[in-house]
Amino acid sequence: MCASVKYNIRGPALIPRMKTKHRIYYIALFSVVLLGLIATGVFQFWPHSIESASDWGVEKRSVRAVPVVRLPADSPIPERGDLSCRMHTCFDVYRCGFNPKNKIKVYIYPLKKYVDDSGAPVGTTLSREYNELLAAIADSDYYTDDIGRACLFVPSVDVLNQNALRVKETAQALAQLARWDRGMNHLLFNMLPGSPPDYNTALDVPRDRALLAGGGFSTWTYRQGYDVSIPVYSPLSVEVELPEKGPGARRYFLLSSQMGLHPEFREELEALQAKHGDAVMVLDKCTNLSEGVLAVRKRCHKHQVFDYPQVLQEATFCVVLRGARLGQAALSDVLQAGCVPVVIADSYILPFSEVLDWKRASVVVPEEKMSDTYSILQSIPQRQVEEMQRQARWFWEAYFRSIKAIALATLQIINDRIYPYAAISYEEWNDPPMVKWSSVSNPLFLPLIPPQSQGFTAIVLTYDRVESLFRVITEVSKVPSLSKLLVVWNNQNKNPPEESLWPKIRVPLKVVRTAENKLSNRFFPYNEIETEAVLAIDDDIIMLTSDELQFGYEVWREFPDRLVGYPGRLHLWDHEMNKWKYESEWTNEVSMVLTGAAFYHKYFNYLYTYKMPGDIKNWVDAHMNCEDIAMNFLVANVTGKAVIKVTPRKKFKCPECTAIDGLSLDQTHMVERSECINKFASVFGTMPLKVVEHRADPVLYKDDFPEKLKSFPNIGSL
Amino acid sequence: MKSWRRKSLWLALSASWLFLFLLGLPPLLRPAVPPRPLPGAPEGWPHWLDAELLPSYSQPGELPEDAAPPTRAPSGGGCNWGACFDPSQCRCGGLKVFVYPAAGPTSEIHHQILASLQRSRYHTFSPREACLLLFLSPDAPTGAPIPVPAQWDGGKNHLVLSLHPAPCPKTFQLGQAMVAEASPPVDTFRPGFDVALPCLPEAHPLQGGAPGQLRQHSPHPAETLLALAEERGGWRTVGTNSSACHWDGRCEQDLAPNQTLGRATLPRATFCLIPSHHSAASRFLQALQAGCVPVLLSPRWELPFSEVIDWTKAAIVADERLPVQVAAALQQMPPARVLALRQQTQFLWDAYFSSVEKIIHTTLEIIQDRISGVSAHPSLMWNNPPGALLALPTFSTSPQDYPFYHLQQGSRPMGGFSALIQVGASAQLPLKLIQAVAGSQHCAQVLILWSSERPPPPRGKWPETAVPLTVMEGHRKASDRFFPHSTINTDAILSLDAHCSLSTSEVDFAFVVWQNFPERMVGFLTMSHFWDSARGGWGYTAEKANEFSMVLTSAAFYHRYYHTLFTHSLPRALRTLADGAPGCVDVLLNFLVAAVTKLPPIKVPYGTRAPPASGDPRPELQPPDPDCVNLMAAGFGHMPLVSSRLRLDPVLFKDPVSVLRKKYRSLEKP
């Protein structure tokens, strides 16, 4: 053994001394090793197609190696598409019944290669775009690999381009899918329908009840509410990066860049050009391009050569004419360039027209009116044109940009039909991010003055100041419109006084005990609140007169979407410290009211408790301060409106000091309140508070008028 | 030696094989263990190794060139807007509508429709001028055949209107005519061509109409979740537990009889379930009026005005085959959504459905929108208060230009204000007023509307102002001051009479207030209306009172859009009426703004002033014509004015604090 090792170490040196027989052995051995190494290297570094081509007995990973399905010539063909199909007739919604979160489940059939009897393929097995599309679906939340749970089936039969397939055989391929069942709940994607010379506007493959997501539908073939009209994807979208160009005047007013236009259309366009000169530019394909230049990326006018699609960014409006087909990939290029498409294709169903408002991003001109195009466009005000340019670009970014965007928008549309109560709104589909960000949708948008008879519910937050609380209850109960009084007992260590001790008042009085001493308890949406108006009042606010409270309620009725309160406060920008500052001095402006005494809609209680952004609620409870500022932020943010301060200023017994036990407006308090404003502004990401210079008084306040005839004489007295 | 050799040979062989194996193993193993996601996760679409090599779906050269345009639509009975309507006749003068006189005996409703059409701004008496010819289909089948109308021409540019879904005796071919029909079946409805009308109850008011019944924004905590429309015509409320009743309205056991409400009563529930069959379509409007969100399960009829109204904001349309999911969705609907749905029902009811007139005008507005193309109402205007009938796209197509959409657009009213001073017959130059108004930091320009017989004084006589001053010749009509003069280039107008007196402080403050309420009128002097039971009519007074419902336009801020609305949307009869009685113009503008906003105007402080030296009372304080307000109320079909009891003052107004701290000091003067 020992010797063998020794021999082995010295091996190479011994070879020449060995016998020929042994030498042959060793040479054979080394060549085996060498061969092994070479083979390994080949497997490591050779292009992968070869590797997958060799059958390893595991998963097929090349498109060329997918299982082949032979379709007998007499295998069944689905019926032609049924034009009367609607979701409630041709779609089996029961399959979608158990999908949680109102999201349909989509199954993709595994890829197969279909051949006819003679072995000839029925079409492209898989195009790049269809592969991307299926991958996008598989990566999305919609995807399921469980055919039994799926509600929508996407065949992997590629029908994006009708020219690349054989109609009858493709139909046979569809018919033999595992869950075909007359095409029920099957979704086909097709971008280039029809074939010469007639070019049908929908895929000619018989597909029975299958849904068709098609590019180039016309009103005659489109089944409203059933089919989905999709864009014709432009491969240039990935090739060329066009940076967003701001709206505004551009070099050409109207540009036509399509090649292969029908001569009649071209004549019309050239007539426009002749009439309006430089403002209109009609481009065509280039005739004498040098070798190696892609014809699709160049356009020419006379001897001028332009880069396509870059030239589209030079125009305000771009013509998108129908060719042999209604749907044109040029539409995508035009939108990408932020050029407003002028769609001249009668009866064309624009992409995603079920949800997209194309009036905001395009101009549709009837073919008959083509000669008027220029004057029609001229009549659009500049502001609207700029709006359309922005909108066009946004549509491209959201729904045209990639195959993935197209696929997901299609599925979203179908999803919204099945779960309409959870559907995406018009604004979400159509408003560009800028608008979404800056717009406010007031939850109480209906101008509705609630009837006075409803009255309001007063909510008194108290801890243990029983005497003061009883005085507040007695005072508030004098207000005519009070309909209920709710005492929120925030002290867990002490029971509220016995029932007999409470003041006797004319309206129901309820005491709610809380589980924890939290300031947020004041804004909890208690079931006991039956009125829409809520008066939040501290247990030490005894200085408000009945007239003032009643008047406050009536002001609230006129502004039910706002906080209507008594003491007003202001936020200011401190230029030295570079942050917000809280201000309680006598100022000419207000931006907040203290909720120690304020009317508001009970819906804001719900918002405060369940929809407060960030950790504000916990922060308030932890600091035992600033719940009123948080409420002011919340309401201003959601309504976009300012508070209403009612009646003149009074010497309040520091209503905002409850949390710090009688310490009057000292410096720390102000600093803490300022901190709250800064904290909340950062959580909201903006400063929602609105500053106003007015307050509400009774019509005849301080007017030269007999006091006893005034409705609210007792206002502003100290 | 032999064995030693054999041993070493074997060892070398096995060592080299081991070496080979170690080297070769990883690549061998790699395909055997594919990058498979963890078990349990869906497998997904494979990442093809040759994905980069796949061909694109369309080859650049493949697209056919110079292809013949496809032949026109297969005219198999189908009609669409492009094919069957010729808008060329509408190009000059916009939509003009001619209505065929009724053939044979006509019902009351026909007369009403005719009358309301004639009040519309689209009406014309000449069929030649018209670009839309309207044929009212008789609502009761008569024995006599209906003659084909004179200008029929295959039905081109015709609209056949039938308000009641009576089985229409189609004695002549409809051909290319559009059909506006109550609750049309979805199968025959041609989107973008036909117009779907609501199915009206028997007695629907012609004008004005009952307001929505919603009294609170959010549902009362005790309100029932769901009411079912019953076959007999009532509503049955069901609790959250709907097991007793099927979703199609049939109930296995009768609930307590008092839960079934009568035919006339409106449902009191958050959601109203309306069966899908055609005969239940009439219940839709009832639910809408009641503020009860309609829940429709696969309706077989087209929702009214679905071309422009986004019903997803006001109703729940779901598949009847998934009732359990719908029930769960209703119960779990977030309060914010319920709130929005409820309010939208009320807005839509008030804007488009509450009267026959509104329905007719909405129908015409939809057709007008189709004709105008780019300058049609944006969807925002149809689906947000005050609605498309009150937002005229001739004013502007940018929502920011209107007073109503600033919140949604995140915009603010534009510019300062234009002071519009009307100089009446006295022809006195309001020098002090011009100085005071032009002194305001927000004043952008001063416009003088010269309405006197005498010519305006020459340029030199006018005071020097920091802002441009323009003199316009008026037509000496009262309504002239509310004409949308093109010189008005700011959103705010300060309308003034030559004899009124204002201080710069007052103007400044009022404008700042207006900026917060651009849709309302902000005025200094007020009037209030009241019901005079002794006379059985409305009365109004300019005396000081605890409440008010109108502001005098002799000194008021408002949005310039109201000039357009006043001139182009009000019925001619009302404007003529206002021209006849000068005091009435004020009332009319207040009616108009209140009808649009459904809110009262805003009053701002106005200092007391010494009576004018001449001693005669100011004209605006003269007791106005009492009939005016009644005529206006009749013209509007209802009383739109809303009273307010508040005034907006500066924050420190008359507070016991040094005047030096106050921004609007001169308002403090007694």
# chains A, B, ... in the order shown; residues from 1 in each chain; ligands from 1
$ residues_around --residues "Pro447 (chain A)" --least-positions-apart "4" --cutoff "9 Å" --atoms "only C-alpha atoms" --output "list in words"
Glu558, Phe559 and Pro560 of chain A; Phe347, Pro385, Thr597, Lys598 and Leu599 of chain B
$ residues_around --residues "Leu53 (chain B)" --least-positions-apart "6" --cutoff "12 Å" --atoms "only C-alpha atoms" --output "mmCIF file with N, CA, C and O atoms, in the first residue's frame"
data_model
loop_
_atom_site.group_PDB
_atom_site.id
_atom_site.type_symbol
_atom_site.label_atom_id
_atom_site.label_comp_id
_atom_site.auth_asym_id
_atom_site.auth_seq_id
_atom_site.Cartn_x
_atom_site.Cartn_y
_atom_site.Cartn_z
ATOM 1 N N HIS A 48 -27.078 27.177 -24.303
ATOM 2 C CA HIS A 48 -27.967 26.322 -23.549
ATOM 3 C C HIS A 48 -28.927 25.510 -24.386
ATOM 4 O O HIS A 48 -29.405 24.484 -23.962
ATOM 5 N N SER A 49 -29.172 25.981 -25.580
ATOM 6 C CA SER A 49 -30.166 25.274 -26.382
ATOM 7 C C SER A 49 -29.725 23.822 -26.623
ATOM 8 O O SER A 49 -30.548 22.925 -26.641
ATOM 9 N N SER A 62 -36.925 24.195 -23.409
ATOM 10 C CA SER A 62 -36.838 24.935 -24.662
ATOM 11 C C SER A 62 -38.186 24.868 -25.359
ATOM 12 O O SER A 62 -38.890 23.876 -25.279
ATOM 13 N N VAL A 63 -38.508 25.966 -26.017
ATOM 14 C CA VAL A 63 -39.780 26.007 -26.713
ATOM 15 C C VAL A 63 -39.813 24.957 -27.816
ATOM 16 O O VAL A 63 -40.853 24.398 -28.132
ATOM 17 N N ARG A 64 -38.634 24.672 -28.335
ATOM 18 C CA ARG A 64 -38.610 23.717 -29.442
ATOM 19 C C ARG A 64 -38.858 22.287 -28.978
ATOM 20 O O ARG A 64 -39.099 21.410 -29.758
ATOM 21 N N LEU A 126 -44.871 29.797 -30.172
ATOM 22 C CA LEU A 126 -44.886 30.843 -29.158
ATOM 23 C C LEU A 126 -44.099 32.033 -29.686
ATOM 24 O O LEU A 126 -42.955 31.899 -30.069
ATOM 25 N N SER A 127 -44.744 33.183 -29.703
ATOM 26 C CA SER A 127 -44.010 34.379 -30.096
ATOM 27 C C SER A 127 -43.446 35.029 -28.842
ATOM 28 O O SER A 127 -43.864 34.717 -27.723
ATOM 29 N N ARG A 128 -42.529 35.935 -29.037
ATOM 30 C CA ARG A 128 -41.880 36.580 -27.906
ATOM 31 C C ARG A 128 -42.921 37.309 -27.057
ATOM 32 O O ARG A 128 -42.936 37.236 -25.832
ATOM 33 N N GLU A 129 -43.838 38.012 -27.745
ATOM 34 C CA GLU A 129 -44.829 38.812 -27.025
ATOM 35 C C GLU A 129 -45.792 37.929 -26.244
ATOM 36 O O GLU A 129 -46.156 38.236 -25.121
ATOM 37 N N ASN A 131 -45.186 34.984 -25.098
ATOM 38 C CA ASN A 131 -44.442 34.445 -23.970
ATOM 39 C C ASN A 131 -44.402 35.457 -22.841
ATOM 40 O O ASN A 131 -44.665 35.140 -21.687
#
$ residues_around --residues "Lys105 (chain A)" --least-positions-apart "5" --cutoff "6 Å" --atoms "only C-alpha atoms" --output "list in words"
Tyr142, Tyr143, Thr144, Ala150 and Cys151 of chain A
$ closest_residue --among "A:Glu169, A:Asp464, A:Asp357, A:Asp117" --to "chain B" --atoms "only C-alpha atoms"
A:Asp357
$ select_by_dssp --residues "region 357-425 of chain B" --states "helix (DSSP H, G or I)" --output "PyMOL selection string"
chain B and resi 357-375+379-382+388-390+399-401+406-409
$ write_last_selection --atoms "N, CA and C atoms" --output "tab-separated table (two decimals), in the first residue's frame"
chain	number	residue	atom	x	y	z
B	357	GLU	N	-88.88	67.29	-17.67
B	357	GLU	CA	-88.07	68.26	-18.41
B	357	GLU	C	-86.58	67.92	-18.33
B	358	LYS	N	-86.13	67.54	-17.13
B	358	LYS	CA	-84.71	67.21	-16.99
B	358	LYS	C	-84.36	66.00	-17.84
B	359	ILE	N	-85.26	65.04	-17.90
B	359	ILE	CA	-84.98	63.83	-18.68
B	359	ILE	C	-84.86	64.18	-20.17
B	360	ILE	N	-85.79	65.02	-20.64
B	360	ILE	CA	-85.74	65.42	-22.05
B	360	ILE	C	-84.46	66.22	-22.33
B	361	HIS	N	-84.16	67.15	-21.46
B	361	HIS	CA	-82.97	67.97	-21.70
B	361	HIS	C	-81.69	67.14	-21.63
B	362	THR	N	-81.67	66.17	-20.74
B	362	THR	CA	-80.50	65.31	-20.66
B	362	THR	C	-80.33	64.53	-21.96
B	363	THR	N	-81.44	64.03	-22.50
B	363	THR	CA	-81.38	63.30	-23.75
B	363	THR	C	-80.78	64.17	-24.86
B	364	LEU	N	-81.27	65.41	-24.94
B	364	LEU	CA	-80.75	66.29	-25.98
B	364	LEU	C	-79.28	66.63	-25.73
B	365	GLU	N	-78.93	66.78	-24.47
B	365	GLU	CA	-77.55	67.13	-24.12
B	365	GLU	C	-76.60	65.99	-24.53
B	366	ILE	N	-77.07	64.76	-24.39
B	366	ILE	CA	-76.24	63.62	-24.78
B	366	ILE	C	-75.99	63.67	-26.28
B	367	ILE	N	-77.04	63.97	-27.03
B	367	ILE	CA	-76.87	64.02	-28.49
B	367	ILE	C	-75.99	65.22	-28.88
B	368	GLN	N	-76.18	66.31	-28.17
B	368	GLN	CA	-75.33	67.48	-28.42
B	368	GLN	C	-73.86	67.11	-28.16
B	369	ASP	N	-73.62	66.36	-27.10
B	369	ASP	CA	-72.25	65.96	-26.77
B	369	ASP	C	-71.65	65.09	-27.87
B	370	ARG	N	-72.49	64.22	-28.45
B	370	ARG	CA	-71.98	63.37	-29.53
B	370	ARG	C	-71.59	64.23	-30.73
B	371	ILE	N	-72.39	65.26	-30.99
B	371	ILE	CA	-72.11	66.10	-32.14
B	371	ILE	C	-70.85	66.93	-31.89
B	372	SER	N	-70.72	67.45	-30.66
B	372	SER	CA	-69.63	68.40	-30.46
B	372	SER	C	-68.28	67.71	-30.31
B	373	GLY	N	-68.24	66.41	-30.11
B	373	GLY	CA	-66.95	65.72	-30.11
B	373	GLY	C	-66.02	66.20	-29.03
B	374	VAL	N	-64.95	66.89	-29.46
B	374	VAL	CA	-63.91	67.27	-28.51
B	374	VAL	C	-64.43	68.22	-27.44
B	375	SER	N	-65.37	69.09	-27.81
B	375	SER	CA	-65.81	70.06	-26.82
B	375	SER	C	-67.05	69.59	-26.08
B	379	SER	N	-66.37	63.67	-18.64
B	379	SER	CA	-67.10	62.77	-17.74
B	379	SER	C	-67.24	63.37	-16.34
B	380	LEU	N	-66.21	64.10	-15.94
B	380	LEU	CA	-66.24	64.75	-14.63
B	380	LEU	C	-67.50	65.59	-14.45
B	381	MET	N	-67.91	66.30	-15.50
B	381	MET	CA	-69.05	67.20	-15.37
B	381	MET	C	-70.36	66.44	-15.31
B	382	TRP	N	-70.42	65.33	-16.01
B	382	TRP	CA	-71.66	64.54	-15.93
B	382	TRP	C	-71.83	63.95	-14.54
B	388	ALA	N	-74.27	67.96	-15.70
B	388	ALA	CA	-73.94	68.49	-17.02
B	388	ALA	C	-74.98	69.49	-17.53
B	389	LEU	N	-76.21	69.42	-17.05
B	389	LEU	CA	-77.19	70.37	-17.56
B	389	LEU	C	-76.86	71.78	-17.08
B	390	LEU	N	-76.12	71.88	-16.00
B	390	LEU	CA	-75.80	73.19	-15.44
B	390	LEU	C	-74.35	73.57	-15.69
B	399	PRO	N	-62.15	71.91	-16.56
B	399	PRO	CA	-62.95	71.98	-15.33
B	399	PRO	C	-62.47	73.06	-14.37
B	400	GLN	N	-61.19	73.40	-14.44
B	400	GLN	CA	-60.71	74.43	-13.50
B	400	GLN	C	-61.37	75.79	-13.72
B	401	ASP	N	-61.91	76.01	-14.89
B	401	ASP	CA	-62.52	77.30	-15.18
B	401	ASP	C	-63.88	77.47	-14.51
B	406	HIS	N	-62.93	72.79	-8.24
B	406	HIS	CA	-61.58	73.12	-7.77
B	406	HIS	C	-61.00	72.04	-6.87
B	407	LEU	N	-61.84	71.44	-6.03
B	407	LEU	CA	-61.33	70.40	-5.12
B	407	LEU	C	-60.82	69.21	-5.91
B	408	GLN	N	-61.63	68.73	-6.85
B	408	GLN	CA	-61.23	67.55	-7.62
B	408	GLN	C	-59.98	67.84	-8.45
B	409	GLN	N	-59.85	69.08	-8.89
B	409	GLN	CA	-58.74	69.42	-9.77
B	409	GLN	C	-57.51	69.88	-8.99
$ residues_around --residues "Val340 (chain A)" --least-positions-apart "6" --cutoff "7 Å" --atoms "only C-alpha atoms" --output "ChimeraX atom specification"
/A:316-318,361-362,388-389,392
$ residues_around --residues "Arg149 (chain A)" --least-positions-apart "2" --cutoff "9 Å" --atoms "only C-alpha atoms" --output "ChimeraX atom specification"
/A:95-96,98-99,105-107,144-147,151
$ closest_residue --among "A:Gly323, A:Leu71, A:Ala274, A:Tyr233" --to "Leu174 (chain A)" --atoms "only C-alpha atoms"
A:Leu71
$ residues_around --residues "region 312-323 of chain B" --least-positions-apart "2" --cutoff "9 Å" --atoms "only C-alpha atoms" --output "PyMOL selection string"
(chain A and resi 87-88+93-94+96-97+417-421+423+425-426) or (chain B and resi 247-248+271+276+288+293-299+309-310+325-328+330+337+340-346+348+383)
$ write_last_selection --atoms "C-alpha atoms" --output "short mmCIF file (atom, residue, chain, number, x, y, z; two decimals), in the first residue's frame"
data_model
loop_
_atom_site.label_atom_id
_atom_site.label_comp_id
_atom_site.auth_asym_id
_atom_site.auth_seq_id
_atom_site.Cartn_x
_atom_site.Cartn_y
_atom_site.Cartn_z
CA MET A 87 -71.14 37.95 -19.50
CA HIS A 88 -74.42 36.69 -18.12
CA VAL A 93 -69.40 32.94 -13.25
CA TYR A 94 -69.87 30.07 -10.81
CA CYS A 96 -65.31 32.51 -9.90
CA GLY A 97 -67.57 32.17 -6.92
CA ARG A 417 -67.02 42.79 -14.55
CA ILE A 418 -67.20 39.78 -12.29
CA TYR A 419 -66.88 41.69 -9.04
CA PRO A 420 -68.37 45.06 -10.02
CA TYR A 421 -68.83 46.16 -6.43
CA ALA A 423 -64.26 47.53 -9.35
CA SER A 425 -63.21 53.60 -10.42
CA TYR A 426 -63.17 55.86 -13.44
CA TRP B 247 -82.74 37.26 -4.04
CA ASP B 248 -85.26 37.48 -6.79
CA PHE B 271 -79.64 49.23 -0.33
CA SER B 276 -83.65 41.83 -12.96
CA LEU B 288 -82.80 56.59 -6.46
CA VAL B 293 -78.58 52.55 -3.33
CA PRO B 294 -80.05 50.37 -6.10
CA VAL B 295 -78.69 46.85 -6.26
CA LEU B 296 -79.28 45.31 -9.66
CA LEU B 297 -78.60 41.70 -10.38
CA SER B 298 -77.83 41.23 -14.06
CA PRO B 299 -80.46 43.67 -15.26
CA ILE B 309 -73.60 58.47 -16.22
CA ASP B 310 -71.09 56.37 -14.35
CA GLN B 325 -71.02 37.15 -2.74
CA VAL B 326 -73.18 40.21 -3.36
CA ALA B 327 -74.82 39.87 0.03
CA ALA B 328 -71.43 39.61 1.67
CA LEU B 330 -73.07 44.71 0.78
CA ARG B 337 -68.22 53.75 -0.18
CA ALA B 340 -70.41 58.10 -1.56
CA LEU B 341 -73.05 55.86 -3.17
CA ARG B 342 -75.87 57.40 -1.15
CA GLN B 343 -74.89 60.92 -2.01
CA GLN B 344 -74.44 60.11 -5.66
CA THR B 345 -77.99 58.72 -5.91
CA GLN B 346 -79.29 62.03 -4.68
CA LEU B 348 -78.17 62.05 -10.00
CA ASN B 383 -70.84 62.75 -12.72
#
$ residues_around --residues "Arg560 (chain B)" --least-positions-apart "5" --cutoff "12 Å" --atoms "only C-alpha atoms" --output "PyMOL selection string"
chain B and resi 395-396+401-403+413-420+481-495+518-521+565-567+593
$ atom_distance --atom1 "CA of Ala458 (chain A)" --atom2 "CA of Val590 (chain A)"
23.9 Å
$ select_by_dssp --residues "region 346-447 of chain B" --states "strand (DSSP E or B)" --output "ChimeraX atom specification"
/B:417-423,443-447
$ closest_residue --among "A:Ala407, A:Leu255, A:Gln382, A:Arg393" --to "Ile137 (chain A)" --atoms "only C-alpha atoms"
A:Ala407
$ atom_distance --atom1 "CA of Leu485 (chain A)" --atom2 "CA of Val460 (chain A)"
7.7 Å
$ closest_residue --among "A:Pro110, A:Pro497, A:Gly214, A:Pro432" --to "chain B" --atoms "only C-alpha atoms"
A:Pro110
